[in-house]
Structures are given as C-alpha cells and as structure tokens.
>>> print(open('entry.csv').read())   # CSV, C-alpha atoms and all ligand atoms
chain,number,residue,atom,x,y,z
I,1,MET,CA,47.4,-20.2,252.1
I,2,LYS,CA,51.0,-19.2,251.8
I,3,PHE,CA,53.3,-20.7,249.2
I,4,ALA,CA,56.2,-21.2,251.7
I,5,ASP,CA,53.9,-22.6,254.4
I,6,ARG,CA,52.3,-25.2,252.2
I,7,TYR,CA,55.7,-26.6,251.0
I,8,GLU,CA,57.6,-25.9,254.2
I,9,ARG,CA,58.6,-29.5,254.8
I,10,GLN,CA,60.1,-30.1,251.4
I,11,ILE,CA,61.8,-26.7,251.2
I,12,MET,CA,63.7,-27.8,254.3
I,13,ILE,CA,65.3,-30.6,252.4
I,14,GLY,CA,69.0,-29.9,251.7
I,15,GLY,CA,69.5,-28.4,248.3
I,16,PHE,CA,65.8,-27.9,247.7
I,17,GLY,CA,65.0,-24.5,249.2
I,18,GLU,CA,62.6,-21.9,247.9
I,19,GLU,CA,64.5,-21.9,244.6
I,20,GLY,CA,63.7,-25.6,244.1
I,21,GLN,CA,60.0,-24.9,244.9
I,22,ARG,CA,60.0,-22.2,242.3
I,23,ARG,CA,61.4,-24.6,239.7
I,24,LEU,CA,58.6,-27.0,240.4
I,25,ALA,CA,56.0,-24.2,240.1
I,26,ASN,CA,57.5,-23.2,236.7
I,27,ALA,CA,57.4,-26.7,235.3
I,28,SER,CA,55.0,-28.3,232.8
I,29,VAL,CA,54.7,-32.0,233.2
I,30,PHE,CA,53.2,-34.3,230.5
I,31,LEU,CA,51.6,-37.3,232.2
I,32,ALA,CA,50.8,-40.2,229.8
I,33,GLY,CA,48.2,-42.3,231.5
I,34,ALA,CA,46.0,-41.7,234.6
I,35,GLY,CA,45.9,-45.4,235.6
I,36,GLY,CA,47.9,-47.5,238.1
I,37,LEU,CA,51.2,-45.7,237.7
I,38,GLY,CA,49.7,-42.3,236.7
I,39,SER,CA,47.5,-42.1,239.8
I,40,PRO,CA,50.3,-42.0,242.5
I,41,ALA,CA,52.7,-40.1,240.1
I,42,ALA,CA,50.1,-37.4,239.6
I,43,ILE,CA,49.1,-37.2,243.3
I,44,TYR,CA,52.7,-36.7,244.5
I,45,LEU,CA,53.5,-34.3,241.7
I,46,ALA,CA,50.4,-32.2,242.4
I,47,ALA,CA,51.1,-32.4,246.2
I,48,ALA,CA,54.7,-31.2,245.6
I,49,GLY,CA,53.4,-28.2,243.7
I,50,VAL,CA,54.4,-28.7,240.0
I,51,GLY,CA,53.0,-25.8,238.0
I,52,ARG,CA,51.2,-27.5,235.2
I,53,LEU,CA,50.1,-31.1,234.7
I,54,ARG,CA,48.8,-32.2,231.3
I,55,ILE,CA,47.1,-35.6,231.7
I,56,VAL,CA,46.4,-37.6,228.6
I,57,ASP,CA,44.3,-40.8,228.9
I,58,ARG,CA,41.9,-42.2,226.3
I,59,ASP,CA,40.2,-44.6,228.7
I,60,LYS,CA,37.1,-44.6,230.9
I,61,VAL,CA,37.1,-45.8,234.5
I,62,GLU,CA,36.2,-49.5,234.8
I,63,LEU,CA,35.4,-51.6,237.9
I,64,SER,CA,38.6,-53.7,237.4
I,65,ASN,CA,40.7,-50.6,237.5
I,66,LEU,CA,39.8,-49.8,241.1
I,67,ASN,CA,42.3,-52.2,242.8
I,68,ARG,CA,45.2,-49.9,241.8
I,69,GLN,CA,44.1,-46.7,240.1
I,70,ILE,CA,43.7,-44.7,243.2
I,71,LEU,CA,42.6,-41.4,241.6
I,72,HIS,CA,39.3,-43.0,240.7
I,73,GLY,CA,36.5,-44.4,242.8
I,74,GLU,CA,33.1,-46.2,242.4
I,75,MET,CA,31.4,-42.9,241.6
I,76,ASP,CA,33.7,-42.4,238.6
I,77,LEU,CA,32.8,-45.7,236.8
I,78,GLY,CA,32.2,-44.9,233.1
I,79,ARG,CA,33.8,-41.4,233.4
I,80,LYS,CA,36.8,-40.3,231.5
I,81,LYS,CA,39.9,-41.0,233.5
I,82,ALA,CA,41.6,-37.7,232.6
I,83,GLN,CA,38.6,-35.8,233.8
I,84,SER,CA,38.2,-37.8,237.0
I,85,ALA,CA,41.9,-37.4,237.7
I,86,LYS,CA,41.7,-33.6,237.2
I,87,GLU,CA,38.8,-33.3,239.6
I,88,LYS,CA,40.7,-35.1,242.4
I,89,LEU,CA,43.9,-33.3,241.8
I,90,ASN,CA,42.2,-29.9,241.8
I,91,ASN,CA,40.8,-30.8,245.3
I,92,LEU,CA,44.3,-31.7,246.4
I,93,ASN,CA,46.1,-28.6,245.1
I,94,HIS,CA,44.2,-25.9,243.4
I,95,ASN,CA,47.4,-24.1,242.5
I,96,VAL,CA,48.3,-26.7,239.9
I,97,ILE,CA,47.0,-26.0,236.4
I,98,ILE,CA,45.6,-29.3,235.2
I,99,GLU,CA,44.7,-30.0,231.6
I,100,ASP,CA,42.7,-33.2,230.9
I,101,ILE,CA,42.9,-34.7,227.4
I,102,ALA,CA,40.9,-37.8,226.7
I,103,GLU,CA,42.7,-38.8,223.5
I,104,GLU,CA,44.7,-41.7,222.3
I,105,ILE,CA,48.4,-40.9,221.8
I,106,ASN,CA,49.4,-41.7,218.2
I,107,GLU,CA,51.9,-40.8,215.5
I,108,LYS,CA,49.9,-37.9,214.4
I,109,ASN,CA,49.3,-36.1,217.7
I,110,ALA,CA,52.3,-37.1,219.9
I,111,SER,CA,54.4,-34.1,219.0
I,112,GLU,CA,51.6,-31.6,219.4
I,113,LEU,CA,50.3,-33.1,222.6
I,114,THR,CA,53.7,-32.8,224.3
I,115,ASP,CA,54.2,-29.2,223.1
I,116,GLY,CA,55.2,-26.8,225.8
I,117,CYS,CA,56.0,-29.6,228.3
I,118,ASP,CA,59.4,-29.9,230.0
I,119,LEU,CA,59.3,-33.7,230.4
I,120,VAL,CA,57.3,-36.8,229.8
I,121,VAL,CA,56.1,-39.3,232.4
I,122,ASP,CA,55.5,-42.7,230.9
I,123,ALA,CA,52.6,-44.2,232.9
I,124,LEU,CA,51.1,-46.1,230.0
I,125,ASP,CA,49.9,-49.6,229.6
I,126,ASN,CA,51.1,-50.5,226.1
I,127,PHE,CA,54.5,-50.4,224.3
I,128,GLN,CA,53.2,-48.9,221.1
I,129,ALA,CA,52.5,-45.6,222.8
I,130,ARG,CA,55.5,-45.9,225.1
I,131,TYR,CA,57.9,-46.2,222.2
I,132,LEU,CA,56.2,-43.3,220.4
I,133,LEU,CA,56.6,-41.0,223.4
I,134,ASN,CA,60.2,-42.2,224.0
I,135,LYS,CA,61.0,-41.1,220.4
I,136,THR,CA,59.0,-37.9,220.8
I,137,ALA,CA,60.9,-37.0,224.0
I,138,LEU,CA,64.3,-37.8,222.3
I,139,LYS,CA,63.4,-35.6,219.3
I,140,LYS,CA,62.3,-32.7,221.6
I,141,ASN,CA,65.3,-33.2,223.8
I,142,ILE,CA,63.2,-33.5,227.0
I,143,PRO,CA,63.6,-36.3,229.7
I,144,PHE,CA,61.4,-39.3,229.7
I,145,PHE,CA,60.5,-41.1,233.0
I,146,HIS,CA,59.6,-44.7,232.4
I,147,GLY,CA,57.7,-47.1,234.7
I,148,GLY,CA,56.2,-50.5,234.1
I,149,VAL,CA,54.6,-53.1,236.3
I,150,TYR,CA,53.7,-56.8,236.3
I,151,GLY,CA,52.1,-58.7,239.3
I,152,PHE,CA,54.0,-57.7,242.4
I,153,GLU,CA,56.9,-56.3,240.3
I,154,GLY,CA,57.8,-53.0,238.8
I,155,ARG,CA,60.6,-51.2,237.1
I,156,ALA,CA,61.6,-47.6,236.6
I,157,MET,CA,64.3,-45.8,234.6
I,158,THR,CA,65.0,-42.2,233.6
I,159,VAL,CA,66.1,-41.1,230.1
I,160,ILE,CA,68.1,-38.0,229.5
I,161,PRO,CA,68.2,-37.6,225.7
I,162,GLY,CA,71.7,-37.7,224.2
I,163,LYS,CA,73.2,-38.8,227.6
I,164,SER,CA,71.6,-42.0,228.8
I,165,ALA,CA,70.0,-45.2,227.5
I,166,CYS,CA,66.5,-44.8,226.1
I,167,LEU,CA,63.5,-47.2,226.4
I,168,ARG,CA,64.5,-48.8,223.1
I,169,CYS,CA,68.0,-49.3,224.3
I,170,LEU,CA,66.5,-51.3,227.2
I,171,TYR,CA,63.8,-53.2,225.3
I,172,ARG,CA,64.5,-53.6,221.6
I,173,LYS,CA,61.1,-55.1,221.1
I,174,GLY,CA,58.0,-54.6,223.3
I,175,ALA,CA,55.7,-57.2,224.5
I,176,GLU,CA,52.2,-57.5,223.0
I,177,HIS,CA,49.5,-55.5,224.8
I,178,MET,CA,47.5,-57.8,226.9
I,179,LYS,CA,45.6,-58.1,230.2
I,180,PHE,CA,48.4,-58.3,232.8
I,181,PRO,CA,48.2,-59.4,236.5
I,182,VAL,CA,48.8,-56.6,239.0
I,183,ILE,CA,48.3,-55.7,242.7
I,184,GLY,CA,47.9,-52.0,243.5
I,185,VAL,CA,51.0,-51.7,245.6
I,186,ALA,CA,53.3,-52.4,242.6
I,187,PRO,CA,52.3,-49.3,240.6
I,188,ALA,CA,52.1,-47.4,243.9
I,189,VAL,CA,55.8,-48.0,244.5
I,190,ILE,CA,56.8,-47.4,240.8
I,191,GLY,CA,54.6,-44.4,240.2
I,192,SER,CA,56.0,-42.8,243.4
I,193,ILE,CA,59.5,-43.5,242.2
I,194,GLN,CA,58.7,-41.8,238.8
I,195,ALA,CA,57.4,-38.8,240.7
I,196,ALA,CA,60.5,-38.7,242.9
I,197,GLU,CA,62.7,-38.7,239.7
I,198,VAL,CA,60.7,-35.9,238.2
I,199,ILE,CA,60.9,-33.8,241.3
I,200,LYS,CA,64.7,-34.4,241.6
I,201,TYR,CA,65.2,-33.5,237.9
I,202,LEU,CA,63.2,-30.3,238.2
I,203,VAL,CA,64.8,-29.2,241.5
I,204,GLY,CA,68.2,-30.3,240.3
I,205,ILE,CA,69.2,-32.5,243.3
I,206,GLY,CA,70.2,-36.1,243.7
I,207,LYS,CA,71.3,-38.8,241.2
I,208,LEU,CA,68.8,-39.8,238.6
I,209,LEU,CA,68.0,-43.4,237.4
I,210,THR,CA,69.9,-42.8,234.2
I,211,ASP,CA,71.6,-45.9,232.7
I,212,ARG,CA,70.1,-47.8,235.5
I,213,LEU,CA,67.0,-50.0,235.6
I,214,LEU,CA,65.5,-50.2,239.1
I,215,VAL,CA,63.7,-53.5,239.6
I,216,TYR,CA,61.3,-53.9,242.5
I,217,ASP,CA,60.1,-57.3,243.5
I,218,GLY,CA,57.3,-57.0,246.0
I,219,LEU,CA,57.2,-60.8,246.7
I,220,SER,CA,60.7,-61.1,247.9
I,221,SER,CA,60.7,-57.4,249.1
I,222,THR,CA,63.9,-56.6,247.2
I,223,PHE,CA,65.1,-53.9,244.9
I,224,ALA,CA,67.7,-54.7,242.3
I,225,GLU,CA,69.6,-52.4,240.0
I,226,MET,CA,70.7,-53.3,236.5
I,227,LYS,CA,73.3,-51.2,234.6
I,228,LEU,CA,72.4,-50.0,231.2
I,229,LYS,CA,74.4,-48.6,228.3
I,230,LYS,CA,73.2,-46.4,225.5
I,231,ASN,CA,73.1,-48.7,222.4
I,232,PRO,CA,75.0,-46.9,219.6
I,233,ASP,CA,72.9,-48.8,217.1
I,234,CYS,CA,69.6,-48.0,218.9
I,235,GLU,CA,66.7,-47.6,216.4
I,236,ASP,CA,65.5,-44.5,218.3
I,237,CYS,CA,68.5,-42.8,219.9
I,238,GLY,CA,71.5,-44.4,218.0
I,239,LEU,CA,74.0,-42.1,216.3
I,240,THR,CA,73.3,-43.3,212.8
I,241,ASN,CA,69.6,-42.8,213.2
I,242,ARG,CA,70.0,-39.3,214.6
I,243,ILE,CA,72.2,-38.4,211.6
I,244,ARG,CA,69.6,-39.8,209.2
I,245,ALA,CA,66.8,-37.9,211.0
I,246,ASN,CA,68.6,-34.6,210.6
I,247,GLN,CA,69.3,-35.0,206.9
C,248,MET,CA,83.2,-85.7,231.8
C,249,SER,CA,83.6,-82.1,230.7
C,250,PRO,CA,84.2,-79.4,233.3
C,251,THR,CA,81.1,-77.5,234.5
C,252,ILE,CA,80.2,-74.1,235.9
C,253,GLU,CA,77.5,-73.2,238.3
C,254,ILE,CA,75.4,-70.1,237.8
C,255,LYS,CA,72.4,-68.5,239.5
C,256,ILE,CA,69.3,-67.3,237.7
C,257,ARG,CA,66.7,-64.8,238.8
C,258,SER,CA,63.6,-64.3,236.6
C,259,TYR,CA,60.8,-61.8,236.5
C,260,ASP,CA,57.4,-61.2,235.0
C,261,VAL,CA,55.9,-63.7,232.6
C,262,ILE,CA,59.1,-65.8,232.8
C,263,SER,CA,58.5,-66.3,236.6
C,264,ALA,CA,54.9,-66.9,236.0
C,265,SER,CA,55.7,-69.9,233.7
C,266,LEU,CA,58.1,-71.5,236.2
C,267,PRO,CA,57.2,-74.8,237.9
C,268,ASP,CA,55.5,-74.1,241.3
C,269,ASP,CA,58.4,-75.1,243.6
C,270,LEU,CA,60.9,-72.9,241.7
C,271,ARG,CA,58.5,-70.0,241.6
C,272,LEU,CA,58.0,-70.2,245.3
C,273,ASN,CA,61.7,-70.3,245.8
C,274,MET,CA,62.2,-67.3,243.7
C,275,SER,CA,59.5,-65.3,245.4
C,276,MET,CA,61.3,-65.9,248.7
C,277,GLY,CA,64.3,-64.2,247.1
C,278,GLU,CA,66.2,-67.4,246.3
C,279,PRO,CA,67.7,-67.6,242.8
C,280,ILE,CA,67.7,-70.9,240.8
C,281,ALA,CA,71.0,-72.6,240.7
C,282,LEU,CA,72.0,-74.2,237.4
C,283,GLU,CA,74.9,-76.3,236.3
C,284,LEU,CA,76.2,-75.8,232.7
C,285,VAL,CA,79.1,-77.1,230.6
C,286,GLN,CA,82.1,-74.8,230.7
C,287,GLY,CA,82.1,-72.3,227.9
C,288,SER,CA,78.3,-72.1,227.9
C,289,ARG,CA,76.6,-68.9,226.7
C,290,VAL,CA,73.4,-67.3,227.9
C,291,ILE,CA,71.5,-68.8,225.0
C,292,ASP,CA,72.5,-72.3,226.3
C,293,ILE,CA,70.4,-71.7,229.5
C,294,PHE,CA,67.3,-71.9,227.3
C,295,LYS,CA,68.4,-75.1,225.7
C,296,LYS,CA,68.8,-76.7,229.1
C,297,VAL,CA,65.7,-75.3,230.7
C,298,PRO,CA,63.3,-74.3,227.9
C,299,TRP,CA,60.6,-73.1,230.3
C,300,LEU,CA,62.9,-70.3,231.3
C,301,GLY,CA,61.8,-68.5,228.2
C,302,ARG,CA,62.6,-70.1,224.9
C,303,PRO,CA,59.4,-68.8,223.3
C,304,LEU,CA,60.3,-65.3,224.4
C,305,GLU,CA,63.8,-65.2,223.1
C,306,ASP,CA,63.1,-62.3,220.7
C,307,THR,CA,61.9,-60.0,223.6
C,308,ILE,CA,64.0,-61.4,226.4
C,309,VAL,CA,66.4,-59.0,228.2
C,310,VAL,CA,69.5,-60.5,229.9
C,311,PHE,CA,71.7,-59.1,232.6
C,312,VAL,CA,74.8,-60.8,233.8
C,313,ASN,CA,76.0,-59.7,237.2
C,314,GLY,CA,73.7,-56.6,236.9
C,315,GLU,CA,74.9,-55.6,233.4
C,316,ALA,CA,73.0,-55.7,230.2
C,317,GLN,CA,74.4,-58.5,227.9
C,318,THR,CA,73.5,-60.3,224.8
C,319,LEU,CA,72.4,-64.0,224.4
C,320,ASN,CA,75.9,-64.7,223.2
C,321,CYS,CA,77.6,-63.6,226.4
C,322,GLU,CA,79.9,-66.4,227.7
C,323,LEU,CA,79.2,-67.4,231.3
C,324,LYS,CA,81.6,-68.2,234.2
C,325,SER,CA,81.1,-69.9,237.5
C,326,GLY,CA,79.4,-67.7,240.1
C,327,ASP,CA,77.6,-65.5,237.6
C,328,THR,CA,74.1,-64.3,238.4
C,329,ILE,CA,71.8,-63.9,235.5
C,330,ASP,CA,68.6,-61.8,235.5
C,331,LEU,CA,66.1,-62.7,232.9
C,332,MET,CA,63.2,-60.4,232.1
C,333,THR,CA,60.8,-59.4,229.3
C,334,PRO,CA,59.4,-55.9,228.7
C,335,SER,CA,56.9,-55.1,231.5
C,336,GLY,CA,54.4,-52.9,229.9
C,337,GLY,CA,51.7,-52.7,232.5
C,338,GLY,CA,50.7,-49.4,234.0
D,1,ZN,ZN,68.1,-45.8,222.6
>>> encode(input="entry.csv", output="structure tokens")
Amino acid sequence: MKFADRYERQIMIGGFGEEGQRRLANASVFLAGAGGLGSPAAIYLAAAGVGRLRIVDRDKVELSNLNRQILHGEMDLGRKKAQSAKEKLNNLNHNVIIEDIAEEINEKNASELTDGCDLVVDALDNFQARYLLNKTALKKNIPFFHGGVYGFEGRAMTVIPGKSACLRCLYRKGAEHMKFPVIGVAPAVIGSIQAAEVIKYLVGIGKLLTDRLLVYDGLSSTFAEMKLKKNPDCEDCGLTNRIRANQ
Amino acid sequence: MSPTIEIKIRSYDVISASLPDDLRLNMSMGEPIALELVQGSRVIDIFKKVPWLGRPLEDTIVVFVNGEAQTLNCELKSGDTIDLMTPSGGG
C-alpha cells in the first residue's frame, strides 16, 4: 500500500498536497473521550492518516452507548472503550500509532497525559475534565478543539492559546454532569467538525472556528454562528491570571 | 402606555427542553419566539417576563444578541435576535 495512493483524494485538495499529508503523518493527537464525539472524530482522523492518536477514556462500553458511539458494538459490551477503539482504528489504518489509556483525566495526570501531543480534542462528557484540559492546553500553548452535544443539537469551537477565546471565555461556569438526551447523528456531525478542524490546523489550510461558536440544530436543520471574544478577565486565559501563573 | 420593542428569541438545550409544547415545536421548525418588552429592557428582563426561559439557570446561561456574546445587562432594541443557551457538556 503506497502512502500517496491511500491519501490520493485528499492530497488533490487545493493547498493540501503531499506536504499536508506529511504534516498529518508527523502529528500527535490527544483524544479525550472515545464516546459519541470521540468515535467519529477518531475514525476520520485515523482515515486521514494522522501519525499518532492517544485515546484516553476511563469508561467501559455499555448498552446505552451504542446509539451513538459508533466505534463500539455489541461484542464490546463491558470492554474498555479506549481498547475497543484502538482495535477498530487499527483495522481501519494500521499506519496510525494508537495508544489506549483507560484512565480518568484529573489534576494530577492531565499534564503528563498530554505530554508530546500537538493538540487536544475535547470529546468528553463532563465539564470538570473539559475545563482541566482547556487549562492544560493553554499552559502548554497547544490548540484545543471543543465539541458538545445535547439532544439533536451540537456545538463546536477551536481555541488557539493566546489568540482566541477559550472554553472558559465561552462558558464561565459548566453545567453539572448528568445523563443527557442525545441522538447519534448530533455527535456524528460535531465529532466530524472537530476532526475537520484538526486536519485544517495540521495541514495549515482554511479558516478555523476561532472566536466563533458553531451551533448545529438538527431539528430545524440549521447551523448558526456566534461571535466570541477573548475575555480579558477570564479565569483560565485572562491576562492577569497568566501573569500570576508566571510569577 | 410606555413604548415597547419587539425582539426574537431562539433557545437551545435544556432551555428548549423546558419550553411549553407549542413553543418548542415552533422553535424546532426554526421559528424564533417573538416577545414584546418595554423600551429600555435588558436581557435580564426577558427572564422576569418569561421565567420558564431560564431563570433557574441564570448563573450558567450564555447570551448572544444578534450573534455576539453579551451580558445579562445588555440593553435591547427592536429587531434584536437573542440566542439563549447553557453549557452543553454531552459527548
Ligand atoms: Zn478564556
């Protein structure tokens, strides 16, 4: 199997080329969550030929996950999601180096877990860990690709540290973690958008979702775009906080 | 009678889920809710007039006026479209 043959169709895209493909192959992606958002995001990133994918998910596959978490099937019930994901992605593209880590992301390990990664994909299901990774990405000066879903809806935004609004600029306070309604197509749309953002960032083409929140409403079949601004007083990326952190 | 303004509201996530059935149906067809307010009203006044639009959520609610992030104190004018959402944390 030849490198150029496999990726022929995307190399053809204007501005992509073999150089873009090499950039993907040299990239290390941190994927937080192998669930509803993480499944499509991982599938499209692996198919596109990113070099390395570190998948972190503490959970095991449950029956109620299967309406949306398309990396897992009935035969995976009770298995660790990270491991189940790795197996499917290996079958899809053996060139991608996949690391599966079945751990909870917390204050103690967030920095170490993301070590060596060029960017963070936020495909989590709770705000505690989302905020933690947002902060970790800001500290490490690597981009953060956010996605979230509810019912038939979803949202995505991209954070470039020091340049654009961060997750905390958007949501000052997160909602409590609870069982939320969701249909599989919502994370399918948003996870794919997150993958598209990552690919654009790595290849260096297009316009990213920075200072913009893309809002998908599947029930009315509409996309809306909200303008965001970096909050100078942001708890996580604001100037005063950065100065304090550096002292 | 004091002069009034007419605004449009779109809501999302748990806010939409708590709307009365007819308004939720309207919204899922892409139709915003029209609302009349006294001139000089601010975003916060929306919740005073229609509490089911999210009063219990005021500490997490995110407001956009004509597609731009605003605070609850933003003064509204006729023709404004307001998007109301809370953090969507599902994955
Ligand atoms: Zn911020």
>>> residues_near_ligand(input="entry.csv", ligand="ligand ZN 1 (chain D)", cutoff="6 Å", atoms="only C-alpha atoms and all ligand atoms", output="list in words")
Ala165, Cys166, Arg168, Cys169, Lys230, Asn231, Cys234, Asp236, Cys237 and Gly238 of chain I
>>> residues_around(input="entry.csv", residues="Gly314 in chain C", least_positions_apart="5", cutoff="9 Å", atoms="only C-alpha atoms", output="ChimeraX atom specification")
/I:224-228 /C:328-330
>>> residues_around(input="entry.csv", residues="range 291-303 of chain C", least_positions_apart="2", cutoff="9 Å", atoms="only C-alpha atoms", output="PyMOL selection string")
chain C and resi 258+261-263+265-267+282+284+288-289+305-306+308+318-321+331
>>> write_last_selection(input="entry.csv", atoms="C-alpha atoms", output="tab-separated table (two decimals), keeping the file's coordinate frame")
chain	number	residue	atom	x	y	z
C	258	SER	CA	63.60	-64.30	236.60
C	261	VAL	CA	55.90	-63.70	232.60
C	262	ILE	CA	59.10	-65.80	232.80
C	263	SER	CA	58.50	-66.30	236.60
C	265	SER	CA	55.70	-69.90	233.70
C	266	LEU	CA	58.10	-71.50	236.20
C	267	PRO	CA	57.20	-74.80	237.90
C	282	LEU	CA	72.00	-74.20	237.40
C	284	LEU	CA	76.20	-75.80	232.70
C	288	SER	CA	78.30	-72.10	227.90
C	289	ARG	CA	76.60	-68.90	226.70
C	305	GLU	CA	63.80	-65.20	223.10
C	306	ASP	CA	63.10	-62.30	220.70
C	308	ILE	CA	64.00	-61.40	226.40
C	318	THR	CA	73.50	-60.30	224.80
C	319	LEU	CA	72.40	-64.00	224.40
C	320	ASN	CA	75.90	-64.70	223.20
C	321	CYS	CA	77.60	-63.60	226.40
C	331	LEU	CA	66.10	-62.70	232.90
>>> interface_residues(input="entry.csv", of="chain C", to="chain I", cutoff="10 Å", atoms="all atoms listed in the file", output="PyMOL selection string")
chain C and resi 259-261+264+272-278+304+306-317+330+332-338
>>> write_last_selection(input="entry.csv", atoms="C-alpha atoms", output="PDB file, in the frame of the given file")
ATOM      1  CA  TYR C 259      60.800 -61.800 236.500  1.00  0.00           C
ATOM      2  CA  ASP C 260      57.400 -61.200 235.000  1.00  0.00           C
ATOM      3  CA  VAL C 261      55.900 -63.700 232.600  1.00  0.00           C
ATOM      4  CA  ALA C 264      54.900 -66.900 236.000  1.00  0.00           C
ATOM      5  CA  LEU C 272      58.000 -70.200 245.300  1.00  0.00           C
ATOM      6  CA  ASN C 273      61.700 -70.300 245.800  1.00  0.00           C
ATOM      7  CA  MET C 274      62.200 -67.300 243.700  1.00  0.00           C
ATOM      8  CA  SER C 275      59.500 -65.300 245.400  1.00  0.00           C
ATOM      9  CA  MET C 276      61.300 -65.900 248.700  1.00  0.00           C
ATOM     10  CA  GLY C 277      64.300 -64.200 247.100  1.00  0.00           C
ATOM     11  CA  GLU C 278      66.200 -67.400 246.300  1.00  0.00           C
ATOM     12  CA  LEU C 304      60.300 -65.300 224.400  1.00  0.00           C
ATOM     13  CA  ASP C 306      63.100 -62.300 220.700  1.00  0.00           C
ATOM     14  CA  THR C 307      61.900 -60.000 223.600  1.00  0.00           C
ATOM     15  CA  ILE C 308      64.000 -61.400 226.400  1.00  0.00           C
ATOM     16  CA  VAL C 309      66.400 -59.000 228.200  1.00  0.00           C
ATOM     17  CA  VAL C 310      69.500 -60.500 229.900  1.00  0.00           C
ATOM     18  CA  PHE C 311      71.700 -59.100 232.600  1.00  0.00           C
ATOM     19  CA  VAL C 312      74.800 -60.800 233.800  1.00  0.00           C
ATOM     20  CA  ASN C 313      76.000 -59.700 237.200  1.00  0.00           C
ATOM     21  CA  GLY C 314      73.700 -56.600 236.900  1.00  0.00           C
ATOM     22  CA  GLU C 315      74.900 -55.600 233.400  1.00  0.00           C
ATOM     23  CA  ALA C 316      73.000 -55.700 230.200  1.00  0.00           C
ATOM     24  CA  GLN C 317      74.400 -58.500 227.900  1.00  0.00           C
ATOM     25  CA  ASP C 330      68.600 -61.800 235.500  1.00  0.00           C
ATOM     26  CA  MET C 332      63.200 -60.400 232.100  1.00  0.00           C
ATOM     27  CA  THR C 333      60.800 -59.400 229.300  1.00  0.00           C
ATOM     28  CA  PRO C 334      59.400 -55.900 228.700  1.00  0.00           C
ATOM     29  CA  SER C 335      56.900 -55.100 231.500  1.00  0.00           C
ATOM     30  CA  GLY C 336      54.400 -52.900 229.900  1.00  0.00           C
ATOM     31  CA  GLY C 337      51.700 -52.700 232.500  1.00  0.00           C
ATOM     32  CA  GLY C 338      50.700 -49.400 234.000  1.00  0.00           C
TER      33      GLY C 338
END
>>> atom_distance(input="entry.csv", atom1="CA of Phe3 in chain I", atom2="CA of Ile55 in chain I")
23.8 Å
>>> residues_near_point(input="entry.csv", point="(64.3, -36.5, 240.9)", cutoff="12 Å", atoms="only C-alpha atoms", output="count of residues only")
31
>>> atom_distance(input="entry.csv", atom1="CA of Ala42 in chain I", atom2="CA of Gly14 in chain I")
23.7 Å
>>> atom_distance(input="entry.csv", atom1="CA of Asp233 in chain I", atom2="CA of Lys140 in chain I")
19.8 Å
>>> residues_around(input="entry.csv", residues="Glu107 in chain I", least_positions_apart="3", cutoff="12 Å", atoms="all atoms listed in the file", output="PyMOL selection string")
chain I and resi 104+110-113+128-136
>>> closest_residue(input="entry.csv", among="C:Ser325, C:Val290, C:Val285, C:Ile280", to="Met248 in chain C", atoms="all atoms listed in the file")
C:Val285
>>> decode(input="entry.csv", residues="range 166-171 of chain I", atoms="all heavy atoms", output="JSON list (two decimals), in the first residue's frame")
[["chain", "number", "residue", "atom", "x", "y", "z"],
["I", 166, "CYS", "N", -11.19, 31.06, 24.91],
["I", 166, "CYS", "CA", -11.06, 29.68, 25.37],
["I", 166, "CYS", "C", -12.41, 29.16, 25.86],
["I", 166, "CYS", "O", -13.40, 29.89, 25.86],
["I", 166, "CYS", "CB", -9.98, 29.57, 26.44],
["I", 166, "CYS", "SG", -10.51, 30.01, 28.11],
["I", 167, "LEU", "N", -12.43, 27.91, 26.27],
["I", 167, "LEU", "CA", -13.69, 27.31, 26.73],
["I", 167, "LEU", "C", -14.27, 28.08, 27.91],
["I", 167, "LEU", "O", -15.47, 28.26, 28.02],
["I", 167, "LEU", "CB", -13.45, 25.85, 27.13],
["I", 167, "LEU", "CG", -14.69, 25.06, 27.54],
["I", 167, "LEU", "CD1", -15.66, 24.89, 26.38],
["I", 167, "LEU", "CD2", -14.31, 23.69, 28.10],
["I", 168, "ARG", "N", -13.40, 28.59, 28.80],
["I", 168, "ARG", "CA", -13.86, 29.33, 29.97],
["I", 168, "ARG", "C", -14.36, 30.73, 29.59],
["I", 168, "ARG", "O", -15.19, 31.29, 30.27],
["I", 168, "ARG", "CB", -12.73, 29.42, 31.00],
["I", 168, "ARG", "CG", -13.10, 30.04, 32.29],
["I", 168, "ARG", "CD", -13.90, 29.16, 33.21],
["I", 168, "ARG", "NE", -13.11, 28.15, 33.86],
["I", 168, "ARG", "CZ", -13.56, 27.34, 34.82],
["I", 168, "ARG", "NH1", -14.80, 27.44, 35.24],
["I", 168, "ARG", "NH2", -12.78, 26.43, 35.36],
["I", 169, "CYS", "N", -13.83, 31.29, 28.49],
["I", 169, "CYS", "CA", -14.36, 32.57, 27.99],
["I", 169, "CYS", "C", -15.80, 32.36, 27.50],
["I", 169, "CYS", "O", -16.64, 33.24, 27.64],
["I", 169, "CYS", "CB", -13.55, 33.08, 26.81],
["I", 169, "CYS", "SG", -11.85, 33.54, 27.14],
["I", 170, "LEU", "N", -16.04, 31.19, 26.91],
["I", 170, "LEU", "CA", -17.38, 30.88, 26.39],
["I", 170, "LEU", "C", -18.34, 30.55, 27.53],
["I", 170, "LEU", "O", -19.42, 31.14, 27.62],
["I", 170, "LEU", "CB", -17.30, 29.69, 25.42],
["I", 170, "LEU", "CG", -18.61, 29.04, 24.99],
["I", 170, "LEU", "CD1", -19.50, 30.01, 24.23],
["I", 170, "LEU", "CD2", -18.35, 27.79, 24.14],
["I", 171, "TYR", "N", -17.98, 29.60, 28.35],
["I", 171, "TYR", "CA", -18.82, 29.19, 29.48],
["I", 171, "TYR", "C", -18.06, 29.46, 30.77],
["I", 171, "TYR", "O", -17.13, 28.74, 31.10],
["I", 171, "TYR", "CB", -19.11, 27.70, 29.43],
["I", 171, "TYR", "CG", -19.78, 27.18, 28.18],
["I", 171, "TYR", "CD1", -19.28, 26.06, 27.53],
["I", 171, "TYR", "CD2", -20.93, 27.78, 27.67],
["I", 171, "TYR", "CE1", -19.90, 25.53, 26.40],
["I", 171, "TYR", "CE2", -21.54, 27.28, 26.53],
["I", 171, "TYR", "CZ", -21.03, 26.14, 25.91],
["I", 171, "TYR", "OH", -21.64, 25.64, 24.80]]
